[in-house]
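Working notes, structure below.
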Amino acid sequence: MDHIAVVGAGQAGASLVETLRKEGFDGRVTLWGDEAEPPYQRPPLSKAYLLGEMTRDRLQLRPASYYEDQRIELRLNTRITAIDPAAHVLTHAGGQETWDALVLATGASPRRLPADIGGDLANVFSVRTLADIDAMEPAFAPNARLLVVGGGYIGLEAAAVARKRGMAVTLLESAPRLLARVSSAETAAWFAERHRAEGVDIRLNAALERLNGETTVTGATLADGSQIAADVVVVGIGVTPGTALAQAAGLECDNGIAVDALGQTSAAGIWAAGDCCSFPHGAGRMRLESVPNAIEQAQAVARNILGAATPYVAKPWFWSDQYDVKLQIAGLNTGFDDVVVRAAEARSHWYYKGDTLLAVDAMNDPRAYMIGKRLIEAGRSPDKSAVADPDTPIKSLL
Ligand code: FAD
């Protein structure tokens, strides 16, 4: 194999090319990205970077010299517009290239509010790229009024940063609670209380009718007729996986580019990793939007391209920072039917299906997170009453 081409210079793309070299692949490696930046971490965008506590260069996953040293051809500002699975050709505005193996690591794009309800007014922002944050940062001024649309992690992190920066914040969530897609009612209520204590005006069951303004946003009208004034709007209503290239080329897609356990798409020699793809999980398929998944799935795919033939088994974990709270999540709570609350020296929520432990949300409780993670990965489930009892030492759960 002479040339491995990777489309998408994000977290998964960077992990993939790095692993190819670590595993000894000596051929040509190209990494194509449509952003201006070398691969960088996204999590700090809605946390330390937006807060002004992290510099731009610290976001980068590797110094620019790394790619040169490793003979990785980094092609930035270049959007791949088409792939031809039969001819092994990719197309961009400047021409075409052939490949021997191709990896799609195209990530995901934020859902936007439609233009006819004000989604394209000035000062309405998504939170996905460094360019998004650089554009919104000047509007994050003390005393400015922020409206957050969406009560998921992105919206909550933006709200926390804005309060720390002295802004007035209103958050709209159309569901009856926060974090409805990803978390339990217990965790959602705990974070709602925390945000309200910090002064965020959280409106649940709030249906946005439209954003108001001529050219720049001035506020919002809700379905019940109420008006909210705003100088800046952050939209955090989820993402759609980057399937456009794959779909146009006839590759199978199912909530993302469909890959098998090795990471291969339905087209021979084309692989995918990260937010853009769904992979076999239990009886169905799963798509994860997290840094650990992007890194580890890309590592697995790189090894499989080189012949390892090892199925990827996700070991999900995630984190979120809001105010002084570090939330760490071990496992996946899909299908839970019970949540055990452990309120000891710190607080953690343990998700069970029957007597099987699925996941743990740990709020400023790294020990509960670590122990939960070890138990879940070992397929062991501690007794619920022991978990709930604050007098049971957490270590004894192991
Ligand atoms: P991306 O990092 O999105 O990279 C995909 C890249 O491909 C992009 O640069 C895109 O522009 C490029 N691309 C797409 N199509 C083309 C094309 N046709 N041609 C060329 N380039 C193309 N995860 C956590 O685990 N913890 C967190 O706390 C956390 N916080 C987050 C905070 C924010 C603000 C955001 C946006 C995400 C956060 N995530 C977090 C999620 C995490 O960042 C993503 O899961 C991860 O970046 C996925 O990596 P990826 O490589 O699949 O996609």
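Labels for the structure tokens follow display order: chains A, B, ..., residues from 1 in each chain, ligands from 1.
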Counting only C-alpha atoms, which residues in segment 162-209 of chain A sit no more than 7 Å from segment 150-155 of chain A? For each one, give the nearest pair of atoms and the distance in Å, sorted by chain then residue number, as a tab-separated table.
```
residue	atom	partner	partner_atom	distance
A:Leu171	CA	A:Gly151	CA	7.0
A:Leu172	CA	A:Gly150	CA	5.8
A:Glu173	CA	A:Gly150	CA	5.0
A:Leu178	CA	A:Gly151	CA	5.0
A:Leu179	CA	A:Gly152	CA	4.8
```
Taking only C-alpha atoms and all ligand atoms into account, which residues have an atom no farther than 6 Å from ligand 1? I'd like them as a compact mmCIF listing (two decimals) with all heavy atoms, in the first residue's frame.
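Once written, result.txt looks like this:
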```txt
# COMPACT_ATOMS: atom_id res chain seq x y z
N VAL A 7 -9.66 12.01 5.11
CA VAL A 7 -10.46 13.23 4.91
C VAL A 7 -11.02 13.66 6.26
O VAL A 7 -11.79 12.93 6.88
CB VAL A 7 -11.62 12.99 3.92
CG1 VAL A 7 -12.40 14.29 3.71
CG2 VAL A 7 -11.09 12.45 2.61
N GLY A 8 -10.63 14.87 6.71
CA GLY A 8 -11.08 15.39 8.00
C GLY A 8 -9.90 15.49 8.94
O GLY A 8 -9.42 14.48 9.47
N ALA A 9 -9.40 16.74 9.12
CA ALA A 9 -8.22 16.93 9.98
C ALA A 9 -8.66 17.35 11.38
O ALA A 9 -8.29 18.41 11.89
CB ALA A 9 -7.29 17.97 9.35
N GLY A 10 -9.51 16.52 11.99
CA GLY A 10 -9.97 16.77 13.36
C GLY A 10 -9.34 15.76 14.31
O GLY A 10 -8.25 15.23 14.06
N GLN A 11 -10.07 15.49 15.40
CA GLN A 11 -9.53 14.60 16.43
C GLN A 11 -9.27 13.19 15.90
O GLN A 11 -8.21 12.61 16.13
CB GLN A 11 -10.54 14.56 17.59
CG GLN A 11 -10.05 13.86 18.81
CD GLN A 11 -9.17 14.74 19.68
OE1 GLN A 11 -9.58 15.78 20.14
NE2 GLN A 11 -7.95 14.30 19.93
N ALA A 12 -10.23 12.64 15.16
CA ALA A 12 -10.07 11.27 14.66
C ALA A 12 -9.00 11.22 13.57
O ALA A 12 -8.15 10.32 13.56
CB ALA A 12 -11.41 10.74 14.13
N GLY A 13 -9.02 12.18 12.65
CA GLY A 13 -8.03 12.20 11.56
C GLY A 13 -6.62 12.28 12.12
O GLY A 13 -5.71 11.56 11.67
N TRP A 32 -6.45 15.65 4.88
CA TRP A 32 -7.15 16.75 4.21
C TRP A 32 -8.15 17.38 5.17
O TRP A 32 -9.01 16.67 5.71
CB TRP A 32 -7.90 16.23 2.98
CG TRP A 32 -7.01 15.50 2.02
CD1 TRP A 32 -6.58 14.21 2.12
CD2 TRP A 32 -6.43 16.03 0.83
NE1 TRP A 32 -5.77 13.90 1.05
CE2 TRP A 32 -5.67 15.00 0.24
CE3 TRP A 32 -6.48 17.27 0.19
CZ2 TRP A 32 -4.96 15.16 -0.95
CZ3 TRP A 32 -5.79 17.44 -1.00
CH2 TRP A 32 -5.04 16.39 -1.55
N GLY A 33 -8.08 18.70 5.33
CA GLY A 33 -9.02 19.37 6.23
C GLY A 33 -9.52 20.66 5.63
O GLY A 33 -8.75 21.41 5.02
N ASP A 34 -10.81 20.95 5.84
CA ASP A 34 -11.37 22.18 5.26
C ASP A 34 -11.26 23.38 6.21
O ASP A 34 -11.62 24.48 5.83
CB ASP A 34 -12.81 21.97 4.81
CG ASP A 34 -13.73 21.55 5.93
OD1 ASP A 34 -13.24 21.38 7.07
OD2 ASP A 34 -14.93 21.36 5.68
N GLU A 35 -10.75 23.17 7.43
CA GLU A 35 -10.54 24.32 8.31
C GLU A 35 -9.13 24.88 8.08
O GLU A 35 -8.30 24.23 7.45
CB GLU A 35 -10.70 23.89 9.77
CG GLU A 35 -12.13 23.50 10.13
CD GLU A 35 -12.28 23.21 11.62
OE1 GLU A 35 -12.10 24.13 12.42
OE2 GLU A 35 -12.57 22.05 11.97
N ARG A 42 -11.45 20.22 20.46
CA ARG A 42 -12.67 21.02 20.53
C ARG A 42 -13.18 21.24 21.96
O ARG A 42 -13.77 22.28 22.24
CB ARG A 42 -13.79 20.39 19.70
CG ARG A 42 -13.44 20.36 18.24
CD ARG A 42 -14.60 19.94 17.34
NE ARG A 42 -14.06 19.58 16.04
CZ ARG A 42 -13.70 20.46 15.11
NH1 ARG A 42 -13.87 21.74 15.32
NH2 ARG A 42 -13.20 20.05 13.96
N PRO A 43 -13.02 20.28 22.89
CA PRO A 43 -13.65 20.48 24.20
C PRO A 43 -13.35 21.83 24.86
O PRO A 43 -14.27 22.45 25.40
CB PRO A 43 -13.12 19.29 25.03
CG PRO A 43 -12.97 18.21 24.01
CD PRO A 43 -12.46 18.91 22.78
N LEU A 45 -13.10 24.62 23.58
CA LEU A 45 -13.74 25.74 22.88
C LEU A 45 -14.89 26.32 23.70
O LEU A 45 -15.06 27.53 23.78
CB LEU A 45 -14.26 25.31 21.51
CG LEU A 45 -13.23 24.87 20.47
CD1 LEU A 45 -13.94 24.52 19.17
CD2 LEU A 45 -12.19 25.96 20.23
N SER A 46 -15.69 25.43 24.30
CA SER A 46 -16.85 25.91 25.06
C SER A 46 -16.52 26.01 26.55
O SER A 46 -17.42 26.16 27.37
CB SER A 46 -18.02 24.94 24.85
OG SER A 46 -17.61 23.60 25.09
N THR A 78 -8.76 22.85 2.54
CA THR A 78 -9.08 22.08 1.32
C THR A 78 -10.27 21.16 1.59
O THR A 78 -10.16 20.21 2.35
CB THR A 78 -7.87 21.22 0.89
OG1 THR A 78 -6.73 22.05 0.82
CG2 THR A 78 -8.11 20.58 -0.46
N ARG A 79 -11.37 21.48 0.96
CA ARG A 79 -12.56 20.65 1.13
C ARG A 79 -12.57 19.56 0.06
O ARG A 79 -12.43 19.86 -1.13
CB ARG A 79 -13.82 21.51 1.04
CG ARG A 79 -15.08 20.73 1.28
CD ARG A 79 -16.25 21.59 1.70
NE ARG A 79 -17.36 20.73 2.11
CZ ARG A 79 -17.48 20.16 3.31
NH1 ARG A 79 -16.57 20.37 4.24
NH2 ARG A 79 -18.50 19.38 3.59
N ILE A 80 -12.74 18.33 0.47
CA ILE A 80 -12.90 17.25 -0.51
C ILE A 80 -14.36 17.29 -0.96
O ILE A 80 -15.27 17.23 -0.12
CB ILE A 80 -12.54 15.88 0.13
CG1 ILE A 80 -11.09 15.91 0.67
CG2 ILE A 80 -12.72 14.77 -0.90
CD1 ILE A 80 -10.04 16.33 -0.33
N THR A 81 -14.56 17.39 -2.25
CA THR A 81 -15.92 17.59 -2.75
C THR A 81 -16.54 16.31 -3.29
O THR A 81 -17.76 16.23 -3.44
CB THR A 81 -15.92 18.66 -3.87
OG1 THR A 81 -14.93 18.28 -4.84
CG2 THR A 81 -15.58 20.03 -3.31
N ALA A 105 -13.06 10.83 8.07
CA ALA A 105 -13.09 11.26 9.48
C ALA A 105 -13.68 12.67 9.49
O ALA A 105 -13.08 13.63 9.95
CB ALA A 105 -11.69 11.25 10.07
N THR A 106 -14.90 12.75 8.92
CA THR A 106 -15.49 14.05 8.59
C THR A 106 -16.29 14.67 9.74
O THR A 106 -16.87 15.75 9.56
CB THR A 106 -16.39 13.91 7.34
OG1 THR A 106 -17.20 12.73 7.51
CG2 THR A 106 -15.57 13.75 6.08
N GLY A 107 -16.35 14.01 10.89
CA GLY A 107 -16.94 14.64 12.07
C GLY A 107 -18.44 14.88 11.94
O GLY A 107 -19.17 14.06 11.37
N ALA A 108 -18.87 16.01 12.46
CA ALA A 108 -20.29 16.34 12.48
C ALA A 108 -20.45 17.85 12.40
O ALA A 108 -19.52 18.58 12.73
CB ALA A 108 -20.92 15.82 13.78
N VAL A 127 -21.46 26.41 17.99
CA VAL A 127 -20.24 26.17 18.76
C VAL A 127 -19.61 24.88 18.25
O VAL A 127 -19.88 23.80 18.78
CB VAL A 127 -20.55 26.03 20.27
CG1 VAL A 127 -19.27 26.00 21.08
CG2 VAL A 127 -21.46 27.13 20.76
N ARG A 128 -18.81 24.96 17.21
CA ARG A 128 -18.15 23.73 16.72
C ARG A 128 -16.68 23.96 16.42
O ARG A 128 -15.84 23.14 16.75
CB ARG A 128 -18.87 23.22 15.45
CG ARG A 128 -18.31 21.92 14.90
CD ARG A 128 -18.73 20.72 15.72
NE ARG A 128 -17.98 19.50 15.39
CZ ARG A 128 -18.15 18.34 15.99
NH1 ARG A 128 -19.06 18.20 16.93
NH2 ARG A 128 -17.42 17.31 15.67
N ILE A 154 -23.35 21.46 25.32
CA ILE A 154 -22.77 22.64 24.66
C ILE A 154 -23.45 23.91 25.20
O ILE A 154 -22.79 24.88 25.57
CB ILE A 154 -22.94 22.55 23.13
CG1 ILE A 154 -22.15 21.37 22.58
CG2 ILE A 154 -22.58 23.86 22.44
CD1 ILE A 154 -20.69 21.59 22.39
N GLY A 274 -14.79 8.14 14.13
CA GLY A 274 -15.16 9.37 14.84
C GLY A 274 -16.65 9.67 14.79
O GLY A 274 -17.48 8.77 14.56
N ASP A 275 -16.98 10.95 14.99
CA ASP A 275 -18.38 11.39 15.07
C ASP A 275 -19.20 11.04 13.82
O ASP A 275 -20.42 10.98 13.88
CB ASP A 275 -18.45 12.92 15.20
CG ASP A 275 -18.13 13.44 16.59
OD1 ASP A 275 -17.60 12.68 17.41
OD2 ASP A 275 -18.42 14.63 16.84
N CYS A 276 -18.50 10.85 12.68
CA CYS A 276 -19.24 10.71 11.41
C CYS A 276 -19.82 9.32 11.21
O CYS A 276 -20.62 9.12 10.30
CB CYS A 276 -18.33 11.06 10.22
SG CYS A 276 -16.98 9.87 9.97
N GLU A 289 -20.34 10.72 20.08
CA GLU A 289 -19.77 12.05 19.82
C GLU A 289 -18.87 12.37 21.00
O GLU A 289 -19.29 13.02 21.95
CB GLU A 289 -20.89 13.09 19.72
CG GLU A 289 -21.78 12.90 18.51
CD GLU A 289 -23.12 13.64 18.62
OE1 GLU A 289 -23.28 14.47 19.54
OE2 GLU A 289 -23.99 13.37 17.79
N SER A 290 -17.66 11.86 20.99
CA SER A 290 -16.75 12.14 22.11
C SER A 290 -15.30 11.99 21.67
O SER A 290 -14.99 11.25 20.73
CB SER A 290 -17.04 11.20 23.28
OG SER A 290 -16.47 9.95 23.05
N VAL A 291 -14.45 12.70 22.38
CA VAL A 291 -13.01 12.66 22.10
C VAL A 291 -12.45 11.25 22.30
O VAL A 291 -11.73 10.74 21.43
CB VAL A 291 -12.28 13.70 22.96
CG1 VAL A 291 -10.79 13.43 23.01
CG2 VAL A 291 -12.56 15.09 22.41
N PRO A 292 -12.73 10.59 23.43
CA PRO A 292 -12.16 9.25 23.61
C PRO A 292 -12.53 8.31 22.47
O PRO A 292 -11.69 7.53 22.00
CB PRO A 292 -12.76 8.76 24.93
CG PRO A 292 -13.13 10.00 25.66
CD PRO A 292 -13.49 11.02 24.63
N ALA A 294 -13.32 9.16 19.34
CA ALA A 294 -12.63 9.58 18.11
C ALA A 294 -11.20 9.06 18.12
O ALA A 294 -10.70 8.52 17.12
CB ALA A 294 -12.66 11.10 17.97
N PHE A 318 -16.75 10.33 29.11
CA PHE A 318 -17.03 11.70 28.65
C PHE A 318 -16.85 12.63 29.84
O PHE A 318 -16.83 12.18 30.98
CB PHE A 318 -18.49 11.75 28.15
CG PHE A 318 -18.84 13.02 27.43
CD1 PHE A 318 -18.48 13.21 26.12
CD2 PHE A 318 -19.56 14.02 28.08
CE1 PHE A 318 -18.80 14.39 25.44
CE2 PHE A 318 -19.88 15.20 27.42
CZ PHE A 318 -19.51 15.38 26.10
N TRP A 319 -16.70 13.92 29.56
CA TRP A 319 -16.65 14.87 30.67
C TRP A 319 -17.27 16.19 30.25
O TRP A 319 -17.46 16.46 29.06
CB TRP A 319 -15.21 15.09 31.14
CG TRP A 319 -14.41 15.95 30.20
CD1 TRP A 319 -14.21 17.29 30.29
CD2 TRP A 319 -13.74 15.53 29.01
NE1 TRP A 319 -13.45 17.72 29.23
CE2 TRP A 319 -13.15 16.66 28.42
CE3 TRP A 319 -13.57 14.30 28.36
CZ2 TRP A 319 -12.41 16.62 27.23
CZ3 TRP A 319 -12.85 14.26 27.18
CH2 TRP A 319 -12.27 15.40 26.64
N SER A 320 -17.62 17.01 31.23
CA SER A 320 -18.11 18.36 30.96
C SER A 320 -17.72 19.23 32.14
O SER A 320 -17.77 18.78 33.28
CB SER A 320 -19.64 18.33 30.80
OG SER A 320 -20.14 19.65 30.66
```
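In this comparison, which uses only C-alpha atoms, the residue of A:Glu252, A:Glu137, A:Asp100, A:Asp132 approaching Val29 of chain A most closely is A:Asp100.
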Item to complete: For each of A:Ala14, A:Ser174, A:Ala359, A:Tyr40, take the minimum atom-to-atom distance to Ala131 of chain A, counting only C-alpha atoms, then give the residue where this is smallest.
Response: A:Tyr40
Item to complete: May I have the residues within 12 Å of Leu327 of chain A as a ChimeraX atom specification, using only C-alpha atoms and disregarding those fewer than 4 positions away in the same chain?
Response: /A:153,157,183,187-188,190-191,317-323,346-349,360-366,368-369
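Among A:Asn205, A:Ser396, A:Thr216, A:Ser65, the residue with the shortest atom-to-atom distance to Val124 of chain A, counting only C-alpha atoms, is A:Thr216.
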Worksheet entry | Close residues, Ala87 of chain A itself excluded, 12 Å, only C-alpha atoms, min 5 positions apart in chain, as a VMD selection string | chain A and resid 82 96 to 102 249 267 to 270
Selection export as a PDB file, in the first residue's frame, atoms kept: N, CA and C atoms:
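Ended up saving to out.pdb:
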```
ATOM      1  N   ALA A  82     -15.721  15.304  -3.596  1.00  0.00           N
ATOM      2  CA  ALA A  82     -16.276  14.034  -4.090  1.00  0.00           C
ATOM      3  C   ALA A  82     -15.248  12.928  -3.919  1.00  0.00           C
ATOM      4  N   GLN A  96      -7.297  16.433  -8.311  1.00  0.00           N
ATOM      5  CA  GLN A  96      -7.673  15.088  -7.872  1.00  0.00           C
ATOM      6  C   GLN A  96      -6.445  14.330  -7.372  1.00  0.00           C
ATOM      7  N   GLU A  97      -6.696  13.305  -6.566  1.00  0.00           N
ATOM      8  CA  GLU A  97      -5.613  12.441  -6.053  1.00  0.00           C
ATOM      9  C   GLU A  97      -6.139  11.013  -6.051  1.00  0.00           C
ATOM     10  N   THR A  98      -5.251  10.064  -6.212  1.00  0.00           N
ATOM     11  CA  THR A  98      -5.678   8.677  -6.033  1.00  0.00           C
ATOM     12  C   THR A  98      -5.235   8.191  -4.653  1.00  0.00           C
ATOM     13  N   TRP A  99      -5.885   7.158  -4.167  1.00  0.00           N
ATOM     14  CA  TRP A  99      -5.499   6.587  -2.878  1.00  0.00           C
ATOM     15  C   TRP A  99      -5.466   5.065  -2.969  1.00  0.00           C
ATOM     16  N   ASP A 100      -4.794   4.441  -2.011  1.00  0.00           N
ATOM     17  CA  ASP A 100      -4.861   2.984  -1.877  1.00  0.00           C
ATOM     18  C   ASP A 100      -5.841   2.602  -0.782  1.00  0.00           C
ATOM     19  N   ALA A 101      -5.837   3.403   0.313  1.00  0.00           N
ATOM     20  CA  ALA A 101      -6.885   3.270   1.332  1.00  0.00           C
ATOM     21  C   ALA A 101      -7.350   4.679   1.668  1.00  0.00           C
ATOM     22  N   LEU A 102      -8.650   4.806   1.925  1.00  0.00           N
ATOM     23  CA  LEU A 102      -9.223   6.126   2.238  1.00  0.00           C
ATOM     24  C   LEU A 102      -9.944   6.034   3.574  1.00  0.00           C
ATOM     25  N   ALA A 249     -21.418   9.082  -2.744  1.00  0.00           N
ATOM     26  CA  ALA A 249     -20.655   8.006  -3.395  1.00  0.00           C
ATOM     27  C   ALA A 249     -21.366   6.653  -3.269  1.00  0.00           C
ATOM     28  N   ALA A 267     -17.913   0.164   1.114  1.00  0.00           N
ATOM     29  CA  ALA A 267     -17.063   0.164  -0.089  1.00  0.00           C
ATOM     30  C   ALA A 267     -15.673  -0.346   0.274  1.00  0.00           C
ATOM     31  N   ALA A 268     -15.168  -1.269  -0.530  1.00  0.00           N
ATOM     32  CA  ALA A 268     -13.852  -1.859  -0.243  1.00  0.00           C
ATOM     33  C   ALA A 268     -12.778  -0.776  -0.186  1.00  0.00           C
ATOM     34  N   GLY A 269     -11.925  -0.850   0.831  1.00  0.00           N
ATOM     35  CA  GLY A 269     -10.796   0.078   0.923  1.00  0.00           C
ATOM     36  C   GLY A 269     -11.152   1.444   1.477  1.00  0.00           C
ATOM     37  N   ILE A 270     -12.433   1.644   1.862  1.00  0.00           N
ATOM     38  CA  ILE A 270     -12.824   2.925   2.476  1.00  0.00           C
ATOM     39  C   ILE A 270     -13.262   2.658   3.909  1.00  0.00           C
TER      40      ILE A 270
END
```
Discussion item. What parts of segment 192-358 of chain A does DSSP call strand (DSSP E or B)? I'd like the answer as a ChimeraX atom specification.
Written reply: /A:201-203,208-212,216,219-222,227-229,232-235,239-241,253,257-258,264,270-272,277-281,284-286,317-322,325-331,338-343,347-353,356-358
Practice prompt. Taking the DSSP assignment computed from this structure's backbone, write out as JSON, numbers by chain all residues of segment 79-138 of chain A that belong to helix (DSSP H, G or I).
Written response: {"A": [115, 116, 117, 130, 131, 132, 133, 134, 135, 136, 137, 138]}
Those same residues, written as an mmCIF file, in the first residue's frame with N, CA, C and O atoms?
```cif
data_model
loop_
_atom_site.group_PDB
_atom_site.id
_atom_site.type_symbol
_atom_site.label_atom_id
_atom_site.label_comp_id
_atom_site.auth_asym_id
_atom_site.auth_seq_id
_atom_site.Cartn_x
_atom_site.Cartn_y
_atom_site.Cartn_z
ATOM 1 N N ALA A 115 -33.146 29.948 8.394
ATOM 2 C CA ALA A 115 -33.054 31.396 8.147
ATOM 3 C C ALA A 115 -34.419 32.068 8.305
ATOM 4 O O ALA A 115 -34.502 33.206 8.772
ATOM 5 N N ASP A 116 -35.504 31.358 7.954
ATOM 6 C CA ASP A 116 -36.813 32.031 8.003
ATOM 7 C C ASP A 116 -37.323 32.239 9.429
ATOM 8 O O ASP A 116 -38.334 32.898 9.633
ATOM 9 N N ILE A 117 -36.622 31.713 10.418
ATOM 10 C CA ILE A 117 -36.962 32.088 11.805
ATOM 11 C C ILE A 117 -35.781 32.815 12.456
ATOM 12 O O ILE A 117 -35.644 32.846 13.674
ATOM 13 N N LEU A 130 -13.045 26.503 15.942
ATOM 14 C CA LEU A 130 -12.280 27.621 16.492
ATOM 15 C C LEU A 130 -12.765 28.929 15.872
ATOM 16 O O LEU A 130 -12.897 29.959 16.558
ATOM 17 N N ALA A 131 -13.082 28.894 14.586
ATOM 18 C CA ALA A 131 -13.585 30.100 13.908
ATOM 19 C C ALA A 131 -14.922 30.534 14.519
ATOM 20 O O ALA A 131 -15.169 31.737 14.675
ATOM 21 N N ASP A 132 -15.772 29.569 14.899
ATOM 22 C CA ASP A 132 -17.048 29.929 15.555
ATOM 23 C C ASP A 132 -16.771 30.706 16.837
ATOM 24 O O ASP A 132 -17.421 31.706 17.136
ATOM 25 N N ILE A 133 -15.813 30.217 17.622
ATOM 26 C CA ILE A 133 -15.555 30.846 18.936
ATOM 27 C C ILE A 133 -14.910 32.213 18.745
ATOM 28 O O ILE A 133 -15.262 33.177 19.421
ATOM 29 N N ASP A 134 -13.972 32.292 17.808
ATOM 30 C CA ASP A 134 -13.328 33.582 17.565
ATOM 31 C C ASP A 134 -14.362 34.619 17.102
ATOM 32 O O ASP A 134 -14.251 35.795 17.428
ATOM 33 N N ALA A 135 -15.376 34.155 16.359
ATOM 34 C CA ALA A 135 -16.407 35.087 15.899
ATOM 35 C C ALA A 135 -17.316 35.526 17.046
ATOM 36 O O ALA A 135 -17.754 36.670 17.101
ATOM 37 N N MET A 136 -17.617 34.622 17.977
ATOM 38 C CA MET A 136 -18.583 34.977 19.036
ATOM 39 C C MET A 136 -17.928 35.688 20.220
ATOM 40 O O MET A 136 -18.594 36.413 20.950
ATOM 41 N N GLU A 137 -16.620 35.505 20.372
ATOM 42 C CA GLU A 137 -15.954 35.994 21.582
ATOM 43 C C GLU A 137 -16.169 37.493 21.832
ATOM 44 O O GLU A 137 -16.509 37.880 22.953
ATOM 45 N N PRO A 138 -16.057 38.360 20.805
ATOM 46 C CA PRO A 138 -16.264 39.790 21.061
ATOM 47 C C PRO A 138 -17.671 40.113 21.590
ATOM 48 O O PRO A 138 -17.855 41.092 22.301
#
```
Worksheet entry | Non-local contacts of segment 66-69 of chain A (12 Å; only C-alpha atoms; under 6 positions in same chain excluded) as a PyMOL selection string | chain A and resi 9+14+17-18+21+29-31+38-39+60+75
Discussion item. Quick check, in Å to one decimal: how far apart do atom CA of Leu251 of chain A and atom CA of Met286 of chain A lie?
Written reply: 17.4 Å
With only C-alpha atoms as the counted atoms, please give the residues lying no more than 12 Å from Thr392 of chain A, apart from itself and same-chain residues fewer than 3 positions off, as a PDB file with N, CA and C atoms, in the first residue's frame.
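The resulting file, around05.pdb, is shown below:
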```
ATOM      1  N   ARG A 342     -25.695   8.461  44.994  1.00  0.00           N
ATOM      2  CA  ARG A 342     -24.741   8.347  46.096  1.00  0.00           C
ATOM      3  C   ARG A 342     -24.315   9.761  46.480  1.00  0.00           C
ATOM      4  N   ALA A 343     -24.785  10.215  47.638  1.00  0.00           N
ATOM      5  CA  ALA A 343     -24.441  11.558  48.101  1.00  0.00           C
ATOM      6  C   ALA A 343     -23.550  11.395  49.310  1.00  0.00           C
ATOM      7  N   ALA A 344     -22.269  11.173  49.065  1.00  0.00           N
ATOM      8  CA  ALA A 344     -21.305  11.002  50.151  1.00  0.00           C
ATOM      9  C   ALA A 344     -20.448  12.261  50.205  1.00  0.00           C
ATOM     10  N   GLU A 345     -19.112  12.124  50.228  1.00  0.00           N
ATOM     11  CA  GLU A 345     -18.253  13.306  50.250  1.00  0.00           C
ATOM     12  C   GLU A 345     -18.488  14.163  48.998  1.00  0.00           C
ATOM     13  N   PRO A 382     -21.940  -3.493  41.453  1.00  0.00           N
ATOM     14  CA  PRO A 382     -22.053  -3.510  42.900  1.00  0.00           C
ATOM     15  C   PRO A 382     -23.521  -3.468  43.335  1.00  0.00           C
ATOM     16  N   ASP A 383     -23.749  -3.977  44.529  1.00  0.00           N
ATOM     17  CA  ASP A 383     -25.078  -3.974  45.105  1.00  0.00           C
ATOM     18  C   ASP A 383     -25.580  -2.532  45.240  1.00  0.00           C
ATOM     19  N   LYS A 384     -26.828  -2.304  44.848  1.00  0.00           N
ATOM     20  CA  LYS A 384     -27.340  -0.934  44.835  1.00  0.00           C
ATOM     21  C   LYS A 384     -27.352  -0.308  46.230  1.00  0.00           C
ATOM     22  N   SER A 385     -27.684  -1.129  47.231  1.00  0.00           N
ATOM     23  CA  SER A 385     -27.783  -0.536  48.576  1.00  0.00           C
ATOM     24  C   SER A 385     -26.410  -0.095  49.084  1.00  0.00           C
ATOM     25  N   ALA A 386     -25.365  -0.826  48.690  1.00  0.00           N
ATOM     26  CA  ALA A 386     -24.009  -0.421  49.085  1.00  0.00           C
ATOM     27  C   ALA A 386     -23.622   0.886  48.387  1.00  0.00           C
ATOM     28  N   VAL A 387     -24.008   1.024  47.122  1.00  0.00           N
ATOM     29  CA  VAL A 387     -23.700   2.257  46.386  1.00  0.00           C
ATOM     30  C   VAL A 387     -24.390   3.447  47.046  1.00  0.00           C
ATOM     31  N   ALA A 388     -25.657   3.246  47.409  1.00  0.00           N
ATOM     32  CA  ALA A 388     -26.452   4.361  47.947  1.00  0.00           C
ATOM     33  C   ALA A 388     -26.019   4.764  49.350  1.00  0.00           C
ATOM     34  N   ASP A 389     -25.359   3.858  50.074  1.00  0.00           N
ATOM     35  CA  ASP A 389     -25.019   4.124  51.481  1.00  0.00           C
ATOM     36  C   ASP A 389     -23.723   4.950  51.575  1.00  0.00           C
ATOM     37  N   LYS A 395     -14.208   2.560  47.889  1.00  0.00           N
ATOM     38  CA  LYS A 395     -13.255   1.548  47.408  1.00  0.00           C
ATOM     39  C   LYS A 395     -13.782   0.136  47.599  1.00  0.00           C
ATOM     40  N   SER A 396     -14.620  -0.041  48.632  1.00  0.00           N
ATOM     41  CA  SER A 396     -15.096  -1.392  48.901  1.00  0.00           C
ATOM     42  C   SER A 396     -16.042  -1.887  47.803  1.00  0.00           C
ATOM     43  N   LEU A 397     -16.530  -0.959  46.953  1.00  0.00           N
ATOM     44  CA  LEU A 397     -17.410  -1.389  45.854  1.00  0.00           C
ATOM     45  C   LEU A 397     -16.651  -2.243  44.850  1.00  0.00           C
ATOM     46  N   LEU A 398     -15.352  -2.086  44.828  1.00  0.00           N
ATOM     47  CA  LEU A 398     -14.537  -2.887  43.904  1.00  0.00           C
ATOM     48  C   LEU A 398     -14.433  -4.322  44.398  1.00  0.00           C
TER      49      LEU A 398
END
```
